[in-house]
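Here is final_20.cif, consisting of mmCIF, C-alpha atoms:
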data_work
loop_
_atom_site.label_atom_id
_atom_site.label_comp_id
_atom_site.auth_asym_id
_atom_site.auth_seq_id
_atom_site.Cartn_x
_atom_site.Cartn_y
_atom_site.Cartn_z
CA MET A 1 -99.24 -36.34 -44.84
CA PRO A 2 -99.23 -40.01 -45.95
CA GLY A 3 -99.64 -42.74 -43.35
CA LEU A 4 -96.43 -44.35 -42.07
CA THR A 5 -95.02 -47.69 -43.21
CA ASP A 6 -93.15 -50.18 -41.03
CA GLY A 7 -90.97 -52.06 -43.48
CA PHE A 8 -90.18 -55.12 -41.33
CA ALA A 9 -92.63 -56.17 -38.59
CA VAL A 10 -95.07 -58.77 -37.32
CA ILE A 11 -98.68 -58.44 -36.20
CA ASN A 12 -99.35 -61.21 -33.65
CA ASN A 13 -102.81 -60.15 -32.43
CA GLN A 14 -105.46 -57.43 -32.56
CA ASN A 15 -103.70 -55.30 -29.94
CA TYR A 16 -100.62 -55.17 -32.16
CA ALA A 17 -102.74 -53.93 -35.07
CA ASN A 18 -104.36 -51.33 -32.81
CA ALA A 19 -100.94 -50.14 -31.60
CA PHE A 20 -99.65 -49.71 -35.15
CA LEU A 21 -102.70 -47.65 -36.14
CA TYR A 22 -102.55 -45.56 -32.95
CA MET A 23 -98.95 -44.63 -33.84
CA GLY A 24 -99.95 -43.68 -37.41
CA VAL A 25 -98.73 -46.84 -39.17
CA THR A 26 -101.11 -47.65 -42.03
CA ASP A 27 -98.92 -50.17 -43.92
CA VAL A 28 -96.74 -53.02 -42.68
CA ILE A 29 -94.36 -55.24 -44.63
CA GLY A 30 -95.16 -58.39 -42.71
CA VAL A 31 -92.65 -60.95 -41.48
CA GLU A 32 -92.98 -64.03 -39.34
CA SER A 33 -90.31 -66.29 -37.81
CA PHE A 34 -89.66 -68.67 -34.96
CA ARG A 35 -88.90 -65.69 -32.68
CA ARG A 36 -91.66 -63.39 -33.92
CA GLY A 37 -94.30 -66.10 -34.18
CA LYS A 38 -97.06 -66.49 -36.74
CA PHE A 39 -98.49 -63.45 -38.49
CA TYR A 40 -102.08 -62.73 -37.44
CA HIS A 41 -104.03 -62.03 -40.63
CA PHE A 42 -107.46 -61.54 -39.04
CA ALA A 43 -107.04 -58.18 -37.31
CA ASN A 44 -109.83 -55.66 -37.94
CA PRO A 45 -109.09 -52.80 -38.07
CA SER A 46 -105.55 -53.31 -39.27
CA PRO A 47 -102.82 -51.63 -41.25
CA ASN A 48 -102.56 -52.89 -44.82
CA VAL A 49 -100.28 -55.93 -44.83
CA HIS A 50 -97.75 -56.67 -47.59
CA MET A 51 -96.22 -60.05 -46.80
CA LEU A 52 -92.53 -60.81 -47.13
CA GLU A 53 -91.20 -64.37 -47.45
CA SER A 54 -87.71 -65.71 -48.04
CA VAL A 55 -85.72 -67.92 -50.35
CA GLY A 56 -82.17 -69.12 -49.72
CA ASP A 57 -82.33 -69.77 -45.98
CA LYS A 58 -80.81 -73.15 -46.86
CA PRO A 59 -78.84 -74.32 -49.91
CA VAL A 60 -81.26 -74.83 -52.81
CA THR A 61 -81.20 -75.76 -56.48
CA ASN A 62 -82.02 -73.27 -59.21
CA GLN A 63 -85.31 -75.04 -59.93
CA GLN A 64 -86.26 -74.92 -56.24
CA ILE A 65 -85.70 -71.15 -56.30
CA ILE A 66 -88.02 -70.69 -59.28
CA ASP A 67 -90.66 -73.01 -57.81
CA THR A 68 -90.52 -71.28 -54.40
CA ILE A 69 -90.89 -67.79 -55.86
CA GLN A 70 -93.82 -68.86 -58.02
CA LYS A 71 -95.50 -70.46 -55.00
CA LEU A 72 -94.98 -67.30 -52.95
CA LYS A 73 -96.42 -65.13 -55.71
CA ASN A 74 -99.47 -67.39 -55.89
CA SER A 75 -99.87 -66.88 -52.12
CA ASN A 76 -99.96 -63.09 -52.63
CA VAL A 77 -96.50 -62.47 -51.17
CA GLU A 78 -95.39 -59.04 -52.39
CA ILE A 79 -91.74 -58.87 -51.23
CA LEU A 80 -89.03 -61.53 -51.66
CA LEU A 81 -86.30 -61.70 -49.02
CA MET A 82 -83.19 -63.23 -50.61
CA MET A 83 -81.01 -64.88 -47.99
CA TYR A 84 -77.46 -65.92 -47.12
CA LYS A 85 -77.18 -69.24 -48.93
CA LEU A 86 -77.84 -67.90 -52.45
CA THR A 87 -74.80 -67.97 -54.72
CA PRO A 88 -74.20 -64.97 -57.02
CA ILE A 89 -75.79 -66.81 -59.94
CA GLN A 90 -78.77 -67.81 -57.80
CA LEU A 91 -79.22 -64.26 -56.47
CA GLU A 92 -79.47 -63.00 -60.03
CA LEU A 93 -81.92 -65.79 -60.87
CA ALA A 94 -84.09 -65.05 -57.81
CA HIS A 95 -84.07 -61.28 -58.33
CA ASN A 96 -84.97 -61.55 -62.02
CA GLU A 97 -87.74 -64.08 -61.35
CA ALA A 98 -89.23 -61.87 -58.61
CA LYS A 99 -89.13 -58.78 -60.83
CA LYS A 100 -90.76 -60.71 -63.68
CA LEU A 101 -93.64 -61.49 -61.30
CA GLY A 102 -93.90 -57.92 -60.03
CA MET A 103 -92.44 -58.59 -56.57
CA GLY A 104 -90.11 -56.33 -54.59
CA THR A 105 -86.73 -57.68 -53.51
CA ILE A 106 -84.74 -57.35 -50.28
CA GLY A 107 -81.29 -58.86 -49.78
CA GLU A 108 -79.85 -60.29 -46.56
CA LEU A 109 -76.81 -61.80 -48.21
CA GLY A 110 -73.85 -63.99 -47.33
CA PHE A 111 -72.44 -66.12 -50.13
CA THR A 112 -73.04 -63.18 -52.49
CA SER A 113 -71.58 -59.73 -51.89
CA TYR A 114 -73.80 -56.70 -51.42
CA LYS A 115 -71.90 -55.00 -54.23
CA LYS A 116 -73.14 -57.78 -56.51
CA GLY A 117 -76.69 -57.20 -55.21
CA MET A 118 -76.39 -53.47 -55.93
CA ASP A 119 -75.14 -54.17 -59.46
CA LEU A 120 -78.13 -56.47 -60.04
CA GLY A 121 -80.51 -53.74 -58.87
CA VAL A 122 -81.83 -55.42 -55.71
CA ASP A 123 -84.44 -53.00 -54.35
CA ALA A 124 -83.25 -52.92 -50.73
CA PHE A 125 -81.04 -54.47 -48.07
CA VAL A 126 -81.99 -55.02 -44.42
CA HIS A 127 -80.15 -54.68 -41.06
CA THR A 128 -77.01 -52.54 -40.65
CA THR A 129 -75.13 -55.48 -39.15
CA ARG A 130 -75.99 -57.60 -42.17
CA TYR A 131 -75.56 -55.26 -45.15
CA SER A 132 -72.22 -54.13 -43.72
CA LEU A 133 -70.80 -57.61 -44.37
CA ASP A 134 -68.89 -56.35 -47.44
CA ILE A 135 -66.61 -54.47 -45.02
CA ALA A 136 -65.43 -57.67 -43.33
CA PRO A 137 -62.53 -59.80 -44.61
CA ASP A 138 -63.70 -62.45 -47.07
CA SER A 139 -62.84 -65.33 -44.72
CA MET A 140 -64.95 -63.78 -41.94
CA ALA A 141 -67.87 -63.06 -44.28
CA LEU A 142 -67.84 -66.69 -45.47
CA LYS A 143 -68.05 -68.01 -41.90
CA VAL A 144 -71.00 -65.68 -41.17
CA ALA A 145 -72.76 -66.89 -44.32
CA GLN A 146 -72.30 -70.47 -43.17
CA GLN A 147 -73.59 -69.78 -39.63
CA PRO A 148 -75.47 -66.44 -39.60
CA PHE A 149 -77.49 -66.82 -36.37
CA SER A 150 -76.18 -67.33 -32.83
CA ASN A 151 -76.25 -65.53 -29.48
CA ASP A 152 -72.94 -67.18 -28.51
CA LEU A 153 -70.39 -64.37 -28.16
CA GLY A 154 -67.76 -66.70 -29.68
CA SER A 155 -69.82 -67.50 -32.81
CA PRO A 156 -68.88 -66.31 -36.33
CA LYS A 157 -71.72 -63.78 -36.15
CA TRP A 158 -70.39 -62.26 -32.94
CA GLN A 159 -66.78 -62.29 -34.12
CA TYR A 160 -68.04 -60.22 -37.07
CA TYR A 161 -70.08 -57.98 -34.73
CA GLN A 162 -66.92 -57.38 -32.70
CA TYR A 163 -65.17 -56.43 -35.93
CA LEU A 164 -67.91 -53.85 -36.61
CA THR A 165 -67.71 -52.65 -33.00
CA ASN A 166 -64.01 -51.87 -33.38
CA LEU A 167 -64.31 -50.34 -36.85
CA LYS A 168 -62.89 -46.84 -37.31
CA ALA A 169 -64.50 -44.09 -39.39
CA GLU A 170 -61.46 -43.91 -41.69
CA ASN A 171 -61.51 -47.65 -42.49
CA LYS A 172 -60.98 -47.98 -46.27
CA ALA A 173 -63.37 -50.90 -46.68
CA LEU A 174 -66.09 -48.95 -44.84
CA LEU A 175 -65.59 -45.88 -47.02
CA GLN A 176 -65.63 -47.96 -50.21
CA HIS A 177 -68.80 -49.78 -49.18
CA ALA A 178 -70.41 -46.42 -48.30
CA LYS A 179 -69.56 -45.08 -51.76
CA ASN A 180 -70.97 -48.23 -53.36
CA LEU A 181 -74.26 -47.79 -51.47
CA GLY A 182 -74.45 -44.11 -52.35
CA ASN A 183 -73.83 -44.77 -56.03
CA SER A 184 -76.43 -47.56 -56.23
CA ASN A 185 -80.21 -47.44 -56.60
CA SER A 186 -80.68 -49.86 -53.69
CA TYR A 187 -82.28 -48.69 -50.45
CA ILE A 188 -81.11 -49.70 -46.98
CA MET A 189 -83.25 -50.46 -43.91
CA PRO A 190 -81.10 -50.28 -40.75
CA THR A 191 -83.71 -51.68 -38.29
CA PHE A 192 -82.15 -49.52 -35.56
CA GLY A 193 -85.08 -50.53 -33.37
CA LEU A 194 -83.33 -53.81 -32.66
CA LEU A 195 -80.52 -52.00 -30.81
CA TYR A 196 -82.37 -48.83 -29.75
CA ILE A 197 -83.03 -49.97 -26.18
CA ASP A 198 -79.30 -50.44 -25.63
CA MET A 199 -78.36 -46.98 -26.97
CA PRO A 200 -77.46 -44.29 -24.41
CA PHE A 201 -80.22 -41.86 -25.48
CA SER A 202 -83.04 -44.45 -25.56
CA LYS A 203 -86.36 -43.81 -23.83
CA ASN A 204 -88.46 -46.41 -22.03
CA PRO A 205 -90.93 -47.80 -24.62
CA TRP A 206 -93.31 -48.88 -21.84
CA ASN A 207 -93.90 -45.20 -21.05
CA GLU A 208 -95.69 -44.74 -24.37
CA LYS A 209 -99.45 -44.54 -23.77
CA ILE A 210 -100.31 -47.31 -26.25
CA ALA A 211 -97.88 -49.72 -24.54
CA SER A 212 -100.60 -50.32 -21.94
CA ILE A 213 -102.41 -52.67 -24.36
CA ILE A 214 -99.27 -54.74 -25.16
CA ASP A 215 -98.63 -57.94 -23.19
CA ILE A 216 -94.94 -58.17 -22.27
CA LYS A 217 -95.15 -61.95 -22.71
CA ASP A 218 -95.73 -61.42 -26.45
CA ILE A 219 -92.40 -59.57 -26.91
CA ASN A 220 -89.14 -61.39 -27.67
CA ARG A 221 -86.46 -60.33 -25.13
CA PRO A 222 -88.48 -57.32 -23.92
CA ALA A 223 -87.18 -54.21 -22.20
CA ASP A 224 -87.62 -54.05 -18.44
CA LYS A 225 -90.81 -52.11 -17.67
CA ILE A 226 -89.11 -50.04 -14.97
CA THR A 227 -85.73 -49.26 -16.50
CA GLY A 228 -86.62 -49.47 -20.21
CA LYS A 229 -83.39 -51.44 -20.71
CA HIS A 230 -82.61 -55.08 -21.46
CA ASN A 231 -81.92 -57.48 -18.62
CA TYR A 232 -79.26 -59.27 -20.64
CA PRO A 233 -76.27 -60.94 -18.96
CA PRO A 234 -73.68 -58.16 -18.33
CA GLU A 235 -71.19 -59.34 -20.97
CA GLU A 236 -73.87 -59.64 -23.65
CA LEU A 237 -75.42 -56.28 -22.71
CA ALA A 238 -72.05 -54.53 -22.92
CA ALA A 239 -71.40 -56.10 -26.33
CA TYR A 240 -74.74 -54.86 -27.73
CA GLN A 241 -74.25 -51.38 -26.26
CA LYS A 242 -70.84 -51.02 -27.89
CA LEU A 243 -72.13 -52.42 -31.18
CA GLY A 244 -75.09 -50.00 -31.20
CA PHE A 245 -72.83 -47.03 -30.54
CA ASN A 246 -70.54 -47.90 -33.47
CA GLU A 247 -73.51 -48.69 -35.69
CA LEU A 248 -74.38 -44.99 -35.47
CA MET A 249 -70.96 -44.07 -36.87
CA ILE A 250 -71.30 -46.65 -39.65
CA GLU A 251 -74.71 -45.37 -40.72
CA LYS A 252 -73.58 -41.74 -40.58
CA THR A 253 -70.86 -42.74 -43.04
CA TYR A 254 -73.39 -44.38 -45.35
CA TYR A 255 -75.73 -41.38 -45.17
CA ASN A 256 -72.92 -38.89 -45.81
CA ASN A 257 -72.04 -40.85 -48.95
CA GLY A 258 -75.58 -40.65 -50.33
CA ALA A 259 -77.23 -43.92 -49.21
CA HIS A 260 -81.03 -44.09 -49.64
CA TYR A 261 -83.15 -45.14 -46.63
CA ILE A 262 -86.41 -46.90 -45.87
CA SER A 263 -87.55 -47.57 -42.30
CA GLY A 264 -88.45 -50.78 -40.51
CA SER A 265 -88.58 -51.61 -36.83
CA GLY A 266 -87.84 -55.35 -36.76
CA THR A 267 -90.86 -55.83 -34.42
CA ASP A 268 -91.17 -57.84 -32.24
CA VAL A 269 -87.70 -59.26 -31.48
CA TRP A 270 -85.07 -57.87 -29.06
CA GLY A 271 -87.69 -55.77 -27.28
CA THR A 272 -89.12 -54.02 -30.33
CA MET A 273 -92.82 -53.15 -30.00
CA PRO A 274 -95.61 -52.53 -32.54
CA GLY A 275 -95.89 -48.92 -33.66
CA ILE A 276 -93.63 -47.66 -30.87
CA SER A 277 -90.42 -49.03 -32.34
CA LEU A 278 -90.98 -47.51 -35.77
CA HIS A 279 -90.82 -44.11 -34.09
CA GLN A 280 -87.61 -45.23 -32.37
CA GLU A 281 -86.28 -46.07 -35.84
CA LEU A 282 -87.19 -42.61 -37.11
CA GLU A 283 -85.58 -41.00 -34.06
CA VAL A 284 -82.26 -42.70 -34.78
CA LEU A 285 -82.42 -41.85 -38.49
CA SER A 286 -82.72 -38.24 -37.38
CA HIS A 287 -79.83 -38.79 -34.98
CA ILE A 288 -77.47 -39.88 -37.80
CA GLY A 289 -78.17 -36.74 -39.80
CA LEU A 290 -81.28 -37.15 -41.96
CA THR A 291 -83.38 -33.99 -42.21
CA ASN A 292 -86.96 -34.18 -40.95
CA ARG A 293 -88.17 -34.27 -44.56
CA GLU A 294 -85.81 -37.16 -45.33
CA VAL A 295 -86.90 -39.02 -42.19
CA LEU A 296 -90.56 -38.73 -43.22
CA ALA A 297 -89.74 -40.01 -46.71
CA THR A 298 -88.10 -43.16 -45.28
CA SER A 299 -91.48 -44.20 -43.92
CA THR A 300 -93.70 -42.91 -46.74
CA SER A 301 -92.78 -42.14 -50.36
CA ASN A 302 -89.50 -44.08 -50.38
CA PHE A 303 -91.43 -47.36 -50.27
CA ASN A 304 -92.98 -46.48 -53.60
CA ASP A 305 -89.59 -45.40 -54.96
CA ALA A 306 -87.94 -48.62 -53.75
CA PHE A 307 -90.58 -51.24 -54.57
CA GLY A 308 -93.21 -49.52 -56.71
CA LEU A 309 -95.83 -50.14 -54.00
CA LYS A 310 -98.83 -47.84 -54.40
CA PHE A 311 -98.86 -46.19 -51.00
CA GLY A 312 -96.85 -43.55 -49.17
CA LYS A 313 -97.94 -40.63 -51.34
CA ILE A 314 -101.11 -38.54 -51.45
CA GLU A 315 -101.75 -38.92 -55.17
CA THR A 316 -104.40 -40.29 -57.51
CA GLY A 317 -103.99 -44.06 -57.80
CA PHE A 318 -102.41 -44.47 -54.35
CA LYS A 319 -104.00 -45.88 -51.20
CA ALA A 320 -105.79 -43.11 -49.32
CA ASN A 321 -103.82 -43.60 -46.10
CA ILE A 322 -103.53 -40.16 -44.52
CA LEU A 323 -102.42 -38.65 -41.23
CA ILE A 324 -103.76 -35.28 -40.16
CA LEU A 325 -101.42 -34.06 -37.44
CA ALA A 326 -101.94 -31.34 -34.84
CA LYS A 327 -98.35 -30.12 -35.24
CA ASN A 328 -95.95 -30.13 -38.19
CA PRO A 329 -93.34 -32.96 -38.13
CA LEU A 330 -91.12 -30.89 -40.43
CA ASP A 331 -90.60 -28.59 -37.44
CA ASP A 332 -89.98 -31.45 -35.00
CA ILE A 333 -90.09 -35.15 -35.88
CA LYS A 334 -91.55 -35.84 -32.41
CA ASN A 335 -94.78 -34.23 -33.64
CA LEU A 336 -95.45 -37.52 -35.48
CA LYS A 337 -96.38 -38.99 -32.09
CA GLY A 338 -98.76 -36.18 -31.19
CA SER A 339 -102.51 -35.85 -31.58
CA LYS A 340 -103.64 -37.12 -34.97
CA THR A 341 -106.48 -38.32 -37.17
CA VAL A 342 -105.79 -41.53 -39.09
CA ILE A 343 -107.60 -42.12 -42.39
CA LEU A 344 -107.22 -45.74 -43.52
CA ASN A 345 -107.93 -46.77 -47.12
#
Whole structure, structure tokens version:
Amino acid sequence: MPGLTDGFAVINNQNYANAFLYMGVTDVIGVESFRRGKFYHFANPSPNVHMLESVGDKPVTNQQIIDTIQKLKNSNVEILLMMYKLTPIQLELAHNEAKKLGMGTIGELGFTSYKKGMDLGVDAFVHTTRYSLDIAPDSMALKVAQQPFSNDLGSPKWQYYQYLTNLKAENKALLQHAKNLGNSNSYIMPTFGLLYIDMPFSKNPWNEKIASIIDIKDINRPADKITGKHNYPPEELAAYQKLGFNELMIEKTYYNNGAHYISGSGTDVWGTMPGISLHQELEVLSHIGLTNREVLATSTSNFNDAFGLKFGKIETGFKANILILAKNPLDDIKNLKGSKTVILN
């Protein structure tokens, strides 16, 4: 089968690259941030790296958007992440400019609705907690767009998270948003890995054989090596556990309404780990109802379908990234973690 793709991850050092390859990951859509640190571009061997960079983290002019995208393209960035501060007109401008230059587009929106992004044909959206913002009341969504990042349980972000935590399956806004996603051509990337450790069925990532080469100091908010759980303050831990549980219901609703999925781990924040957390992501996708064939597609061929990237299929003209597995993952998705041969490029 084709090698796996992690659609949202960092490589900080050679051991990270080794861990990805050991777990069958041959392509990474690369991100870097103040929490993840700088992306290490000198690993050898390494998965193929397709860098993602953003526009719209802060309010910008239309000309700044065009200039930024052109600069990113000249730096060989392949995927444009379009962020909260873009207005509807600016989102359309950014998306069209990126497509003109042959770049993929991902939305993490705030001042523009996700329905607008779907109508524009944005390739994908990232993070369940983010692309569910259309469900929230407009006044709440606006406050999140103005202040999208905070660990303070009283912040706009956490007030919105509490809203998602208390959401019921029959909520009309949820059902409408699910229908919108199912009727669109946009893909969604839940990044379940970010909340996996706090889910009741999670397994200790440090028990994976390849975890022995990972330094816990390199991981943002890592899981405890003994328990496999976060050592968050009790109130914060309870909030994440409840949010993760309801996120499963939300994603089941999206899937049942025909949403299209790609997979990404979010490595290495909130305890996510290279290679290991992509398999956690696939485990949860299976948990919400995807068939084994559909789960495999989220990490292989769907990346070509979403972005036009030439990997994830065993076909002429595609990267020859191939896994030869001892046991068939169509029978059991856990077989992806079994004995394997990895052919890279």
*Expressed in Å to a single decimal, how great is the separation between atom CA of A:Thr291 and atom CA of A:Ile197?*
22.6 Å
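Of the listed residues (A:Ile324, A:Ala43, A:Leu164, A:Ala94), A:Ala94 comes nearest to A:Asn62; the distances count only C-alpha atoms.
Between A:Gly312 and the residues A:Leu248, A:Leu194, A:Val284, A:Ile262, the shortest atom-to-atom distance, using all atoms listed in the file, involves A:Ile262.
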*Starting from the shown file, work through the PyMOL selection byres ((chain A and resi 56) around 12) and note down what comes out as an MDAnalysis selection string.*
chainID A and resid 53:55 57:62 64:66 68:69 80:88 90:91 93:95 107:112 145:146
Emit the selected residues as a short mmCIF file (atom, residue, chain, number, x, y, z; two decimals), in the coordinates of the input, including C-alpha atoms.
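Once written, selection08.cif looks like this:
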data_model
loop_
_atom_site.label_atom_id
_atom_site.label_comp_id
_atom_site.auth_asym_id
_atom_site.auth_seq_id
_atom_site.Cartn_x
_atom_site.Cartn_y
_atom_site.Cartn_z
CA GLU A 53 -91.20 -64.37 -47.45
CA SER A 54 -87.71 -65.71 -48.04
CA VAL A 55 -85.72 -67.92 -50.35
CA ASP A 57 -82.33 -69.77 -45.98
CA LYS A 58 -80.81 -73.15 -46.86
CA PRO A 59 -78.84 -74.32 -49.91
CA VAL A 60 -81.26 -74.83 -52.81
CA THR A 61 -81.20 -75.76 -56.48
CA ASN A 62 -82.02 -73.27 -59.21
CA GLN A 64 -86.26 -74.92 -56.24
CA ILE A 65 -85.70 -71.15 -56.30
CA ILE A 66 -88.02 -70.69 -59.28
CA THR A 68 -90.52 -71.28 -54.40
CA ILE A 69 -90.89 -67.79 -55.86
CA LEU A 80 -89.03 -61.53 -51.66
CA LEU A 81 -86.30 -61.70 -49.02
CA MET A 82 -83.19 -63.23 -50.61
CA MET A 83 -81.01 -64.88 -47.99
CA TYR A 84 -77.46 -65.92 -47.12
CA LYS A 85 -77.18 -69.24 -48.93
CA LEU A 86 -77.84 -67.90 -52.45
CA THR A 87 -74.80 -67.97 -54.72
CA PRO A 88 -74.20 -64.97 -57.02
CA GLN A 90 -78.77 -67.81 -57.80
CA LEU A 91 -79.22 -64.26 -56.47
CA LEU A 93 -81.92 -65.79 -60.87
CA ALA A 94 -84.09 -65.05 -57.81
CA HIS A 95 -84.07 -61.28 -58.33
CA GLY A 107 -81.29 -58.86 -49.78
CA GLU A 108 -79.85 -60.29 -46.56
CA LEU A 109 -76.81 -61.80 -48.21
CA GLY A 110 -73.85 -63.99 -47.33
CA PHE A 111 -72.44 -66.12 -50.13
CA THR A 112 -73.04 -63.18 -52.49
CA ALA A 145 -72.76 -66.89 -44.32
CA GLN A 146 -72.30 -70.47 -43.17
#
*Measuring atom to atom with all atoms listed in the file, identify which of A:Leu21, A:Val10, A:Ala223, A:Ala136 is nearest to A:Gly275.*
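For A:Gly275, the nearest of the candidates is A:Leu21.
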_Option closest in space to A:Ala326, from A:Met1, A:Ser150, A:Glu281, A:Ile11 [counting all atoms listed in the file]_ = A:Met1
Some atoms are missing, so please complete stretch 85-98 of chain A with N, CA and C atoms and return it as a compact mmCIF listing (two decimals), in the frame of the given file.
# COMPACT_ATOMS: atom_id res chain seq x y z
N LYS A 85 -77.72 -68.07 -48.25
CA LYS A 85 -77.18 -69.24 -48.93
C LYS A 85 -77.21 -69.12 -50.45
N LEU A 86 -77.78 -68.05 -50.99
CA LEU A 86 -77.84 -67.90 -52.45
C LEU A 86 -76.46 -67.55 -53.00
N THR A 87 -76.03 -68.29 -54.02
CA THR A 87 -74.80 -67.97 -54.72
C THR A 87 -75.04 -66.75 -55.61
N PRO A 88 -73.98 -66.11 -56.13
CA PRO A 88 -74.20 -64.97 -57.02
C PRO A 88 -75.11 -65.27 -58.20
N ILE A 89 -74.94 -66.44 -58.81
CA ILE A 89 -75.79 -66.81 -59.94
C ILE A 89 -77.23 -66.99 -59.48
N GLN A 90 -77.42 -67.59 -58.31
CA GLN A 90 -78.77 -67.81 -57.80
C GLN A 90 -79.43 -66.51 -57.36
N LEU A 91 -78.65 -65.56 -56.83
CA LEU A 91 -79.22 -64.26 -56.47
C LEU A 91 -79.77 -63.58 -57.71
N GLU A 92 -79.02 -63.61 -58.78
CA GLU A 92 -79.47 -63.00 -60.03
C GLU A 92 -80.73 -63.69 -60.54
N LEU A 93 -80.75 -65.02 -60.46
CA LEU A 93 -81.92 -65.79 -60.87
C LEU A 93 -83.14 -65.40 -60.03
N ALA A 94 -82.97 -65.35 -58.71
CA ALA A 94 -84.09 -65.05 -57.81
C ALA A 94 -84.60 -63.63 -58.03
N HIS A 95 -83.67 -62.68 -58.13
CA HIS A 95 -84.07 -61.28 -58.33
C HIS A 95 -84.83 -61.11 -59.64
N ASN A 96 -84.31 -61.69 -60.72
CA ASN A 96 -84.97 -61.55 -62.02
C ASN A 96 -86.34 -62.21 -62.04
N GLU A 97 -86.46 -63.37 -61.40
CA GLU A 97 -87.74 -64.08 -61.35
C GLU A 97 -88.76 -63.26 -60.56
N ALA A 98 -88.33 -62.69 -59.43
CA ALA A 98 -89.23 -61.87 -58.61
C ALA A 98 -89.69 -60.64 -59.39
